[in-house]
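Asker: start.cif is reproduced below (mmCIF, C-alpha atoms and all ligand atoms).
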```cif
data_entry
#
loop_
_atom_site.label_atom_id
_atom_site.label_comp_id
_atom_site.auth_asym_id
_atom_site.auth_seq_id
_atom_site.Cartn_x
_atom_site.Cartn_y
_atom_site.Cartn_z
CA MET A 292 62.21 54.52 84.61
CA SER A 293 59.34 56.49 83.10
CA ALA A 294 59.74 60.15 82.20
CA THR A 295 57.43 61.17 85.01
CA VAL A 296 57.95 59.73 88.44
CA SER A 297 54.98 60.57 90.57
CA ARG A 298 55.52 60.63 94.29
CA THR A 299 53.17 57.72 94.81
CA GLU A 300 55.51 55.48 92.79
CA ILE A 301 58.00 55.55 95.64
CA GLY A 302 57.51 52.21 97.31
CA ALA A 303 58.77 50.90 100.65
CA GLU A 304 62.15 49.79 99.34
CA LEU A 305 63.16 53.10 97.76
CA GLY A 306 61.42 55.15 100.44
CA LEU A 307 63.32 53.41 103.24
CA GLU A 308 66.57 53.46 101.28
CA MET A 309 66.29 57.24 100.91
CA TYR A 310 65.60 57.53 104.64
CA ARG A 311 68.62 55.34 105.38
CA ARG A 312 70.93 57.43 103.18
CA MET A 313 69.77 60.70 104.71
CA THR A 314 70.22 59.25 108.20
CA SER A 315 73.68 58.03 107.31
CA ILE A 316 74.70 61.49 106.07
CA ARG A 317 73.39 63.16 109.20
CA LEU A 318 75.20 60.75 111.52
CA PHE A 319 78.41 61.01 109.51
CA GLU A 320 78.29 64.78 109.76
CA GLU A 321 77.62 64.73 113.50
CA GLU A 322 80.73 62.59 113.94
CA ALA A 323 82.75 64.89 111.66
CA ASN A 324 81.71 67.77 113.91
CA ASN A 325 82.80 65.76 116.97
CA LEU A 326 86.16 65.04 115.36
CA TYR A 327 86.69 68.78 114.85
CA ARG A 328 85.54 69.71 118.34
CA SER A 329 87.79 67.11 119.95
CA ALA A 330 90.77 68.33 117.84
CA LYS A 331 91.21 64.91 116.23
CA MET A 332 90.73 66.21 112.69
CA PRO A 333 93.22 68.53 111.04
CA GLY A 334 91.64 71.62 109.44
CA LEU A 335 87.92 72.20 109.36
CA THR A 336 84.86 71.02 107.49
CA HIS A 337 81.54 72.33 106.17
CA LEU A 338 78.54 70.38 107.42
CA TYR A 339 75.69 69.39 105.10
CA ILE A 340 73.18 68.69 107.91
CA GLY A 341 69.76 70.03 106.91
CA GLU A 342 70.40 69.62 103.18
CA GLU A 343 70.36 65.80 103.02
CA ALA A 344 67.25 65.52 100.84
CA VAL A 345 68.93 67.31 97.94
CA ALA A 346 71.88 64.93 97.58
CA VAL A 347 69.79 61.83 98.27
CA GLY A 348 66.87 62.84 96.06
CA VAL A 349 69.15 63.60 93.12
CA CYS A 350 71.55 60.67 93.51
CA SER A 351 68.65 58.22 93.89
CA ALA A 352 67.78 59.13 90.30
CA LEU A 353 71.29 58.29 89.04
CA ARG A 354 73.04 55.13 87.88
CA GLN A 355 76.34 54.11 89.42
CA ASP A 356 78.16 55.11 86.21
CA ASP A 357 76.57 58.57 86.13
CA TRP A 358 78.92 61.32 87.22
CA ILE A 359 78.66 63.88 89.97
CA THR A 360 80.85 66.77 90.99
CA SER A 361 80.64 68.27 94.44
CA THR A 362 81.59 71.25 96.58
CA HIS A 363 83.37 72.26 99.78
CA ARG A 364 80.15 71.05 101.52
CA GLY A 365 80.44 67.70 99.84
CA HIS A 366 80.15 64.79 102.29
CA GLY A 367 76.44 64.36 101.60
CA HIS A 368 76.98 64.13 97.85
CA CYS A 369 79.74 61.52 98.30
CA LEU A 370 77.66 59.34 100.62
CA ALA A 371 74.52 59.67 98.51
CA LYS A 372 76.51 58.47 95.47
CA GLY A 373 77.69 55.40 97.35
CA ALA A 374 80.94 56.26 99.12
CA GLU A 375 82.10 54.22 102.13
CA PRO A 376 81.90 56.18 105.40
CA SER A 377 85.05 54.41 106.68
CA LEU A 378 87.17 55.62 103.75
CA MET A 379 85.68 59.12 104.04
CA PHE A 380 86.50 59.35 107.75
CA ALA A 381 90.01 58.12 106.92
CA GLU A 382 90.35 60.92 104.36
CA LEU A 383 89.16 63.53 106.87
CA LEU A 384 91.80 62.31 109.29
CA GLY A 385 94.61 62.31 106.71
CA LYS A 386 95.01 58.53 106.78
CA GLU A 387 96.53 56.38 104.04
CA ALA A 388 93.28 54.41 103.67
CA GLY A 389 91.33 57.55 102.71
CA TYR A 390 89.84 58.18 99.28
CA CYS A 391 92.79 60.40 98.33
CA ARG A 392 95.31 58.52 100.47
CA GLY A 393 94.86 61.17 103.11
CA LYS A 394 96.06 64.05 100.97
CA GLY A 395 92.72 65.56 99.93
CA GLY A 396 90.86 65.96 103.19
CA SER A 397 87.22 66.92 103.59
CA MET A 398 87.02 69.23 100.57
CA HIS A 399 88.61 67.00 97.94
CA ILE A 400 87.03 63.58 98.29
CA ALA A 401 86.74 61.76 94.96
CA ASP A 402 85.35 58.26 94.41
CA HIS A 403 85.58 57.35 90.75
CA GLU A 404 84.20 53.85 91.23
CA ASN A 405 80.88 55.41 92.16
CA GLY A 406 81.05 58.17 89.56
CA ASN A 407 82.12 60.91 91.97
CA LEU A 408 84.65 63.08 90.13
CA GLY A 409 85.36 64.98 93.28
CA ALA A 410 84.54 67.73 95.67
CA ASN A 411 86.06 71.12 94.93
CA ALA A 412 87.09 73.90 97.29
CA ILE A 413 86.86 76.48 94.51
CA VAL A 414 83.34 77.85 94.52
CA GLY A 415 81.85 77.03 91.09
CA GLY A 416 85.04 75.20 90.15
CA SER A 417 83.44 71.87 89.41
CA ALA A 418 81.03 73.28 86.80
CA GLY A 419 83.68 72.89 84.11
CA ILE A 420 84.53 69.36 85.23
CA ALA A 421 80.89 68.21 85.21
CA THR A 422 80.26 69.77 81.82
CA GLY A 423 83.42 68.14 80.47
CA ALA A 424 82.26 64.77 81.80
CA ALA A 425 78.92 65.28 80.04
CA PHE A 426 80.75 66.16 76.83
CA SER A 427 82.82 62.98 77.06
CA ALA A 428 79.73 60.86 77.81
CA LYS A 429 78.05 62.27 74.74
CA ARG A 430 81.06 61.78 72.47
CA LEU A 431 81.67 58.24 73.70
CA GLY A 432 77.96 57.38 73.65
CA THR A 433 78.03 55.90 77.15
CA GLY A 434 74.56 57.16 78.02
CA ALA A 435 75.91 58.60 81.28
CA VAL A 436 74.63 61.86 82.75
CA ALA A 437 76.67 64.32 84.83
CA VAL A 438 75.28 66.22 87.81
CA CYS A 439 77.00 69.35 89.04
CA PHE A 440 76.13 70.25 92.65
CA PHE A 441 76.89 73.80 93.72
CA GLY A 442 75.72 76.41 96.22
CA GLU A 443 74.01 79.61 95.12
CA GLY A 444 77.29 81.44 95.82
CA ALA A 445 78.64 79.86 92.63
CA LEU A 446 76.11 81.91 90.67
CA GLY A 447 78.65 84.73 90.98
CA GLN A 448 81.26 82.76 89.04
CA GLY A 449 81.69 83.38 85.31
CA LEU A 450 82.68 79.79 84.60
CA VAL A 451 79.15 78.63 85.38
CA TYR A 452 77.78 80.73 82.53
CA GLU A 453 80.51 79.77 80.07
CA VAL A 454 79.73 76.09 80.54
CA MET A 455 75.96 76.51 80.54
CA ASN A 456 76.31 78.20 77.17
CA MET A 457 78.33 75.27 75.79
CA ALA A 458 76.07 72.67 77.39
CA SER A 459 73.05 74.21 75.73
CA LEU A 460 74.68 74.59 72.31
CA TRP A 461 75.87 70.98 72.31
CA ALA A 462 72.82 69.52 74.15
CA LEU A 463 75.08 67.94 76.76
CA PRO A 464 73.65 65.52 79.35
CA VAL A 465 74.41 67.66 82.40
CA ILE A 466 72.17 68.77 85.26
CA TYR A 467 73.21 71.84 87.25
CA VAL A 468 71.85 71.44 90.79
CA CYS A 469 71.93 74.73 92.67
CA GLU A 470 71.56 74.21 96.43
CA ASN A 471 70.23 77.49 97.73
CA ASN A 472 70.72 77.30 101.50
CA LEU A 473 70.15 81.09 101.72
CA TYR A 474 73.71 82.07 102.70
CA ASN A 475 77.05 82.48 100.95
CA GLU A 476 79.28 82.19 103.98
CA TYR A 477 77.82 84.97 106.20
CA THR A 478 75.90 86.94 103.56
CA HIS A 479 72.26 86.39 102.65
CA TYR A 480 72.05 85.38 99.01
CA LEU A 481 69.68 88.26 98.21
CA GLU A 482 72.55 90.64 98.94
CA ALA A 483 74.76 88.85 96.41
CA THR A 484 72.47 87.48 93.70
CA ALA A 485 70.46 89.89 91.56
CA GLY A 486 67.21 89.06 89.79
CA ASP A 487 65.53 85.75 89.20
CA ILE A 488 67.93 82.80 89.51
CA LEU A 489 66.00 80.64 87.03
CA ALA A 490 66.12 83.41 84.41
CA ARG A 491 69.87 82.82 84.18
CA PRO A 492 69.84 79.23 82.82
CA ARG A 493 66.71 80.04 80.82
CA ALA A 494 68.66 82.77 79.03
CA PHE A 495 70.77 79.94 77.56
CA GLY A 496 67.71 77.95 76.60
CA ILE A 497 68.23 75.50 79.47
CA GLU A 498 65.24 73.78 81.07
CA ALA A 499 65.08 75.23 84.60
CA ARG A 500 62.98 74.14 87.56
CA GLU A 501 62.64 74.85 91.26
CA VAL A 502 62.00 72.31 94.00
CA ASP A 503 61.53 72.13 97.77
CA GLY A 504 64.94 70.82 98.79
CA GLN A 505 63.59 69.54 102.13
CA ASP A 506 61.27 67.11 100.36
CA VAL A 507 63.32 64.13 99.20
CA ARG A 508 60.49 62.72 97.09
CA ALA A 509 59.93 66.01 95.27
CA VAL A 510 63.68 66.28 94.57
CA TYR A 511 63.76 62.69 93.36
CA ALA A 512 60.75 63.22 91.08
CA GLU A 513 62.22 66.35 89.45
CA ALA A 514 65.69 64.86 89.19
CA SER A 515 64.37 61.65 87.65
CA GLU A 516 62.60 63.58 84.91
CA LEU A 517 65.57 65.79 84.15
CA VAL A 518 68.07 62.93 84.22
CA GLU A 519 66.03 60.75 81.88
CA ARG A 520 65.46 63.74 79.62
CA ALA A 521 69.22 64.39 79.46
CA ARG A 522 69.97 60.69 78.95
CA GLY A 523 67.57 60.61 76.04
CA GLY A 524 69.33 63.50 74.28
CA GLY A 525 67.08 66.27 75.64
CA GLY A 526 70.02 68.37 76.77
CA PRO A 527 71.01 70.12 79.97
CA ALA A 528 68.83 71.23 82.84
CA PHE A 529 69.06 73.38 85.94
CA LEU A 530 67.41 72.44 89.24
CA LEU A 531 67.15 75.04 91.98
CA ALA A 532 66.70 73.27 95.31
CA ASN A 533 65.69 75.50 98.22
CA THR A 534 67.24 74.26 101.43
CA TYR A 535 69.02 75.27 104.66
CA ARG A 536 72.19 74.37 106.50
CA TYR A 537 71.55 73.92 110.21
CA HIS A 538 75.13 74.49 111.30
CA GLY A 539 77.56 77.28 110.54
CA HIS A 540 79.28 77.93 107.25
CA HIS A 541 82.03 75.70 108.65
CA VAL A 542 82.38 73.89 111.97
CA GLY A 543 84.10 76.88 113.58
CA ASP A 544 81.19 79.23 112.76
CA ILE A 545 79.49 78.91 116.14
CA ASP A 546 78.06 82.36 116.84
CA ARG A 547 75.82 83.10 113.89
CA THR A 548 73.41 85.64 115.35
CA TYR A 549 75.09 88.54 113.54
CA TYR A 550 73.95 87.17 110.19
CA ARG A 551 70.89 85.03 110.93
CA SER A 552 68.51 84.61 113.84
CA LYS A 553 68.13 81.66 116.18
CA ASP A 554 64.38 81.74 115.45
CA GLU A 555 65.07 81.20 111.76
CA GLU A 556 67.35 78.24 112.52
CA GLU A 557 64.81 76.77 114.92
CA LEU A 558 61.99 77.10 112.39
CA TRP A 559 63.87 75.11 109.73
CA ARG A 560 64.92 72.45 112.22
CA SER A 561 61.46 71.98 113.73
CA GLU A 562 59.23 72.50 110.69
CA ARG A 563 61.32 71.67 107.64
CA ASP A 564 63.59 68.82 108.65
CA PRO A 565 64.00 66.48 105.66
CA LEU A 566 64.39 63.32 107.74
CA ALA A 567 61.40 64.04 109.96
CA LEU A 568 59.23 65.01 106.98
CA HIS A 569 60.12 61.88 105.03
CA GLY A 570 59.88 59.61 108.08
CA ARG A 571 56.38 60.88 108.86
CA TRP A 572 55.35 60.35 105.23
CA LEU A 573 56.64 56.77 105.24
CA GLU A 574 54.64 56.00 108.36
CA LYS A 575 51.51 57.73 107.09
CA GLN A 576 51.68 55.79 103.80
CA LYS A 577 52.24 52.62 105.83
CA LEU A 578 55.51 52.05 103.98
CA ALA A 579 57.26 51.88 107.34
CA ALA A 580 55.87 49.88 110.22
CA ALA A 581 56.40 50.80 113.86
CA GLY A 582 60.07 50.38 114.68
CA ASP A 583 61.28 50.35 111.05
CA LEU A 584 62.72 53.86 111.16
CA GLU A 585 64.40 53.24 114.51
CA GLN A 586 65.91 50.06 113.05
CA VAL A 587 67.23 52.00 110.04
CA GLU A 588 68.86 54.45 112.43
CA VAL A 589 70.39 51.71 114.58
CA GLU A 590 71.94 50.09 111.51
CA ALA A 591 73.17 53.38 110.06
CA ARG A 592 74.69 54.34 113.41
CA ALA A 593 76.50 51.00 113.62
CA GLU A 594 77.96 51.52 110.14
CA ILE A 595 79.11 55.05 111.00
CA GLU A 596 80.62 54.00 114.32
CA THR A 597 82.48 51.09 112.72
CA GLY A 598 83.76 53.38 109.96
CA LEU A 599 84.92 55.95 112.46
CA ALA A 600 86.72 53.38 114.61
CA PHE A 601 88.46 52.02 111.50
CA ALA A 602 89.65 55.50 110.49
CA LEU A 603 90.86 56.44 113.96
CA GLU A 604 92.96 53.27 114.10
CA ALA A 605 94.21 53.47 110.51
CA PRO A 606 97.85 54.47 109.89
CA PHE A 607 99.01 57.76 108.43
CA PRO A 608 100.83 57.62 105.08
CA ASP A 609 104.56 57.17 105.25
CA PRO A 610 106.32 60.58 105.21
CA SER A 611 108.22 59.45 102.09
CA GLN A 612 104.91 59.69 100.15
CA VAL A 613 104.44 63.38 100.82
CA THR A 614 104.94 64.50 97.22
CA GLU A 615 103.27 61.49 95.56
CA ASP A 616 99.92 62.13 93.80
CA VAL A 617 100.20 65.86 94.44
CA TYR A 618 99.86 68.18 91.46
CA ALA A 619 100.30 71.92 91.43
C1 LIG A 701 86.46 81.10 93.95
C2 LIG A 701 86.26 81.12 95.42
N1 LIG A 701 85.94 82.29 96.02
C3 LIG A 701 85.74 82.34 97.35
C4 LIG A 701 85.89 81.22 98.11
C5 LIG A 701 85.65 81.27 99.62
N2 LIG A 701 84.37 80.63 99.91
C6 LIG A 701 84.31 79.36 100.35
S1 LIG A 701 82.74 78.83 100.56
C7 LIG A 701 82.11 80.32 100.08
C8 LIG A 701 80.62 80.55 100.05
C9 LIG A 701 79.95 79.54 99.26
O1 LIG A 701 78.55 79.73 99.30
P1 LIG A 701 77.67 78.80 98.44
O2 LIG A 701 78.28 78.60 97.10
O3 LIG A 701 76.29 79.34 98.48
O4 LIG A 701 77.75 77.38 99.14
P2 LIG A 701 77.36 77.01 100.64
O5 LIG A 701 78.58 77.26 101.47
O6 LIG A 701 76.21 77.86 101.02
O7 LIG A 701 77.03 75.56 100.57
C10 LIG A 701 83.12 81.19 99.75
C11 LIG A 701 82.90 82.57 99.28
C12 LIG A 701 86.24 80.02 97.45
N3 LIG A 701 86.38 78.89 98.12
N4 LIG A 701 86.39 79.98 96.11
#
```
The structure in this file should be written as structure tokens.
Answerer:
Amino acid sequence: MSATVSRTEIGAELGLEMYRRMTSIRLFEEEANNLYRSAKMPGLTHLYIGEEAVAVGVCSALRQDDWITSTHRGHGHCLAKGAEPSLMFAELLGKEAGYCRGKGGSMHIADHENGNLGANAIVGGSAGIATGAAFSAKRLGTGAVAVCFFGEGALGQGLVYEVMNMASLWALPVIYVCENNLYNEYTHYLEATAGDILARPRAFGIEAREVDGQDVRAVYAEASELVERARGGGGPAFLLANTYRYHGHHVGDIDRTYYRSKDEEELWRSERDPLALHGRWLEKQKLAAAGDLEQVEVEARAEIETGLAFALEAPFPDPSQVTEDVYA
């Protein structure tokens, strides 16, 4: 792939694939919400709906053997990196067939085959893991790149700065992708994050850019440049993706008017929806013919429904396994 990927280079195949992945994430998340609301899922989950273009734009620029680390809001990252919805649903439901044999749940899904080192419930916690993976890739000369996804809340964690310092000194192939969805739980980020976000990585000499996180092609173009730069020995980068979560901080966060307005939510949904924006672009560019997008959705829905049915039917682990694979 060339160092600069202009938006016009996105042809029908990639354009539709990105639409399919975003659709798949959205449908998966809607079903996860249903599982919570119908009390079929133990615990809770943090929905990624609204932010799909970030995970898909970035992961479309990665190879299968590139690494990612994820967050408590991680289903979109897992799916974008190639995870099976059926095995993810099984993990959410605590089933033996799940990615962590049912012991990790929503916030700890890992899928090493596809380079996903795991979600992490500790805000900022995966920054060290991603940077370590980049260090190992560099030492072993594998050519792999590591991407660390995190919300802007992680900017309050010291670990992030410790590893950015090391990554810059050692020119590690790691991309820090900050998903700024405006809120850390129920607090606007401006009340928690002082100054210019991009000035922070730049203070370490790290290449830092900002992108519209609702525009999958813009995210893909920036990510492609930064990934190829890192792969070629150009060192770490920081990508600030501006985005929005449509739902609450977690599925139980229903009444949100005390921290953000319904008008604000409605504006993002109606004007800035990443699927609608990309779908319209595909049609306008004639990369999708009439009915193509509907067909993508029908197929994605079938895959999600099959995966969900599999997970609901799947057995729980045997009680004798309760302490297996558990580390404290
Ligand atoms: C170290 C740590 N502190 C606090 C929490 C509780 N907590 C969970 S999510 C969250 C907010 C995260 O906001 P952000 O990083 O912006 O991600 P978002 O939820 O917006 O995707 C907090 C404070 C935690 N999980 N880990």
Asker: Ligand LIG 701 (chain A): which residues are within 9 Å, counting all atoms listed in the file, as number ranges by chain?
Answerer: A: 337-339, 362-365, 411-416, 441-448, 469-478, 480, 535-536, 540-541
Asker: Atom CA of Ala418 of chain A and atom CA of Phe440 of chain A, how far apart in Å?
Answerer: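 Going from atom CA of Phe440 of chain A over to atom CA of Ala418 of chain A, I get 8.2 Å.
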Asker: So which one's closest to Val518 of chain A, A:Leu353, A:Val617, A:Ala567, A:Val345? Using only C-alpha atoms, please.
Answerer: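 Between A:Leu353, A:Val617, A:Ala567, A:Val345, the residue approaching Val518 of chain A most closely is A:Leu353.
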Asker: Which residue gives the smallest distance to Glu304 of chain A among A:Glu320, A:Pro527, A:Ser351, A:Ser459, with all atoms listed in the file counted?
Answerer: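 Under the stated criterion, the closest residue is A:Ser351.
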Asker: One number please: atom CA of Gly526 of chain A to atom CA of Thr360 of chain A, in Å, one decimal.
Answerer: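 Separating atom CA of Gly526 of chain A from atom CA of Thr360 of chain A is a distance of 17.9 Å.
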Asker: Calculated over all atoms listed in the file, which of the candidates A:Lys372, A:Arg311, A:Lys386, A:Lys429 has the smallest distance to Leu603 of chain A?
Answerer: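 Counting all atoms listed in the file, the residue closest to Leu603 of chain A is A:Lys386.
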Asker: Measuring atom to atom with only C-alpha atoms, identify which of A:Leu383, A:Ala494, A:Leu408, A:Leu370 is nearest to Ile420 of chain A.
Answerer: A:Leu408
Asker: Write out as JSON, numbers by chain which residues come within 12 Å of Ile595 of chain A when counting all atoms listed in the file, dropping same-chain ones fewer than 2 positions away.
Answerer: {"A": [311, 312, 314, 315, 316, 317, 318, 319, 320, 321, 322, 323, 370, 375, 376, 377, 378, 379, 380, 588, 589, 590, 591, 592, 593, 597, 598, 599, 600, 601, 602]}
Asker: Tell me which protein, DNA and RNA residues are within 8 Å of Val507 of chain A, counting only C-alpha atoms, leaving out same-chain ones fewer than 2 positions away, and put them as an NGL selection string.
Answerer: :A and (309 or 344-345 or 347-348 or 504-505 or 509-511 or 565 or 569)
Asker: Complete segment 417-438 of chain A at the level of N, CA, C and O atoms, written as a PDB file, in the coordinates of the input.
Answerer:
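Dumped everything to result20.pdb:
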```
ATOM      1  N   SER A 417      83.714  73.174  89.998  1.00  0.00           N
ATOM      2  CA  SER A 417      83.440  71.870  89.410  1.00  0.00           C
ATOM      3  C   SER A 417      82.482  71.958  88.210  1.00  0.00           C
ATOM      4  O   SER A 417      82.228  70.948  87.555  1.00  0.00           O
ATOM      5  N   ALA A 418      81.984  73.158  87.916  1.00  0.00           N
ATOM      6  CA  ALA A 418      81.030  73.280  86.800  1.00  0.00           C
ATOM      7  C   ALA A 418      81.691  72.875  85.482  1.00  0.00           C
ATOM      8  O   ALA A 418      81.077  72.212  84.635  1.00  0.00           O
ATOM      9  N   GLY A 419      82.962  73.261  85.328  1.00  0.00           N
ATOM     10  CA  GLY A 419      83.680  72.890  84.110  1.00  0.00           C
ATOM     11  C   GLY A 419      83.930  71.395  84.040  1.00  0.00           C
ATOM     12  O   GLY A 419      83.832  70.775  82.971  1.00  0.00           O
ATOM     13  N   ILE A 420      84.235  70.800  85.192  1.00  0.00           N
ATOM     14  CA  ILE A 420      84.530  69.360  85.230  1.00  0.00           C
ATOM     15  C   ILE A 420      83.270  68.554  84.884  1.00  0.00           C
ATOM     16  O   ILE A 420      83.309  67.626  84.064  1.00  0.00           O
ATOM     17  N   ALA A 421      82.142  68.931  85.483  1.00  0.00           N
ATOM     18  CA  ALA A 421      80.890  68.210  85.210  1.00  0.00           C
ATOM     19  C   ALA A 421      80.486  68.349  83.740  1.00  0.00           C
ATOM     20  O   ALA A 421      80.050  67.380  83.095  1.00  0.00           O
ATOM     21  N   THR A 422      80.649  69.548  83.214  1.00  0.00           N
ATOM     22  CA  THR A 422      80.260  69.770  81.820  1.00  0.00           C
ATOM     23  C   THR A 422      81.196  69.002  80.890  1.00  0.00           C
ATOM     24  O   THR A 422      80.758  68.433  79.877  1.00  0.00           O
ATOM     25  N   GLY A 423      82.471  68.934  81.247  1.00  0.00           N
ATOM     26  CA  GLY A 423      83.420  68.140  80.470  1.00  0.00           C
ATOM     27  C   GLY A 423      83.073  66.661  80.510  1.00  0.00           C
ATOM     28  O   GLY A 423      83.176  65.950  79.496  1.00  0.00           O
ATOM     29  N   ALA A 424      82.644  66.185  81.680  1.00  0.00           N
ATOM     30  CA  ALA A 424      82.260  64.770  81.800  1.00  0.00           C
ATOM     31  C   ALA A 424      81.039  64.491  80.922  1.00  0.00           C
ATOM     32  O   ALA A 424      80.946  63.438  80.264  1.00  0.00           O
ATOM     33  N   ALA A 425      80.116  65.444  80.883  1.00  0.00           N
ATOM     34  CA  ALA A 425      78.920  65.280  80.040  1.00  0.00           C
ATOM     35  C   ALA A 425      79.320  65.274  78.561  1.00  0.00           C
ATOM     36  O   ALA A 425      78.785  64.502  77.755  1.00  0.00           O
ATOM     37  N   PHE A 426      80.268  66.115  78.223  1.00  0.00           N
ATOM     38  CA  PHE A 426      80.750  66.160  76.830  1.00  0.00           C
ATOM     39  C   PHE A 426      81.361  64.815  76.454  1.00  0.00           C
ATOM     40  O   PHE A 426      81.079  64.263  75.389  1.00  0.00           O
ATOM     41  N   SER A 427      82.185  64.274  77.364  1.00  0.00           N
ATOM     42  CA  SER A 427      82.820  62.980  77.060  1.00  0.00           C
ATOM     43  C   SER A 427      81.782  61.872  76.968  1.00  0.00           C
ATOM     44  O   SER A 427      81.844  61.023  76.083  1.00  0.00           O
ATOM     45  N   ALA A 428      80.779  61.897  77.857  1.00  0.00           N
ATOM     46  CA  ALA A 428      79.730  60.860  77.810  1.00  0.00           C
ATOM     47  C   ALA A 428      79.005  60.919  76.475  1.00  0.00           C
ATOM     48  O   ALA A 428      78.700  59.885  75.868  1.00  0.00           O
ATOM     49  N   LYS A 429      78.761  62.129  76.009  1.00  0.00           N
ATOM     50  CA  LYS A 429      78.050  62.270  74.740  1.00  0.00           C
ATOM     51  C   LYS A 429      78.918  61.774  73.574  1.00  0.00           C
ATOM     52  O   LYS A 429      78.455  61.019  72.718  1.00  0.00           O
ATOM     53  N   ARG A 430      80.175  62.180  73.570  1.00  0.00           N
ATOM     54  CA  ARG A 430      81.060  61.780  72.470  1.00  0.00           C
ATOM     55  C   ARG A 430      81.268  60.275  72.428  1.00  0.00           C
ATOM     56  O   ARG A 430      81.332  59.657  71.381  1.00  0.00           O
ATOM     57  N   LEU A 431      81.406  59.675  73.636  1.00  0.00           N
ATOM     58  CA  LEU A 431      81.670  58.240  73.700  1.00  0.00           C
ATOM     59  C   LEU A 431      80.385  57.411  73.620  1.00  0.00           C
ATOM     60  O   LEU A 431      80.437  56.188  73.521  1.00  0.00           O
ATOM     61  N   GLY A 432      79.249  58.085  73.729  1.00  0.00           N
ATOM     62  CA  GLY A 432      77.960  57.380  73.650  1.00  0.00           C
ATOM     63  C   GLY A 432      77.717  56.431  74.804  1.00  0.00           C
ATOM     64  O   GLY A 432      77.096  55.383  74.640  1.00  0.00           O
ATOM     65  N   THR A 433      78.187  56.798  76.005  1.00  0.00           N
ATOM     66  CA  THR A 433      78.030  55.900  77.150  1.00  0.00           C
ATOM     67  C   THR A 433      76.626  55.955  77.754  1.00  0.00           C
ATOM     68  O   THR A 433      76.261  55.093  78.551  1.00  0.00           O
ATOM     69  N   GLY A 434      75.890  57.007  77.423  1.00  0.00           N
ATOM     70  CA  GLY A 434      74.560  57.160  78.020  1.00  0.00           C
ATOM     71  C   GLY A 434      74.607  57.723  79.435  1.00  0.00           C
ATOM     72  O   GLY A 434      73.581  57.844  80.092  1.00  0.00           O
ATOM     73  N   ALA A 435      75.800  58.062  79.909  1.00  0.00           N
ATOM     74  CA  ALA A 435      75.910  58.600  81.280  1.00  0.00           C
ATOM     75  C   ALA A 435      75.485  60.065  81.310  1.00  0.00           C
ATOM     76  O   ALA A 435      75.563  60.783  80.315  1.00  0.00           O
ATOM     77  N   VAL A 436      75.050  60.471  82.499  1.00  0.00           N
ATOM     78  CA  VAL A 436      74.630  61.860  82.750  1.00  0.00           C
ATOM     79  C   VAL A 436      75.553  62.411  83.834  1.00  0.00           C
ATOM     80  O   VAL A 436      76.000  61.667  84.710  1.00  0.00           O
ATOM     81  N   ALA A 437      75.853  63.703  83.774  1.00  0.00           N
ATOM     82  CA  ALA A 437      76.670  64.320  84.830  1.00  0.00           C
ATOM     83  C   ALA A 437      75.821  65.307  85.621  1.00  0.00           C
ATOM     84  O   ALA A 437      75.047  66.074  85.038  1.00  0.00           O
ATOM     85  N   VAL A 438      75.970  65.274  86.938  1.00  0.00           N
ATOM     86  CA  VAL A 438      75.280  66.220  87.810  1.00  0.00           C
ATOM     87  C   VAL A 438      76.313  67.102  88.488  1.00  0.00           C
ATOM     88  O   VAL A 438      77.271  66.602  89.070  1.00  0.00           O
TER      89      VAL A 438
END
```
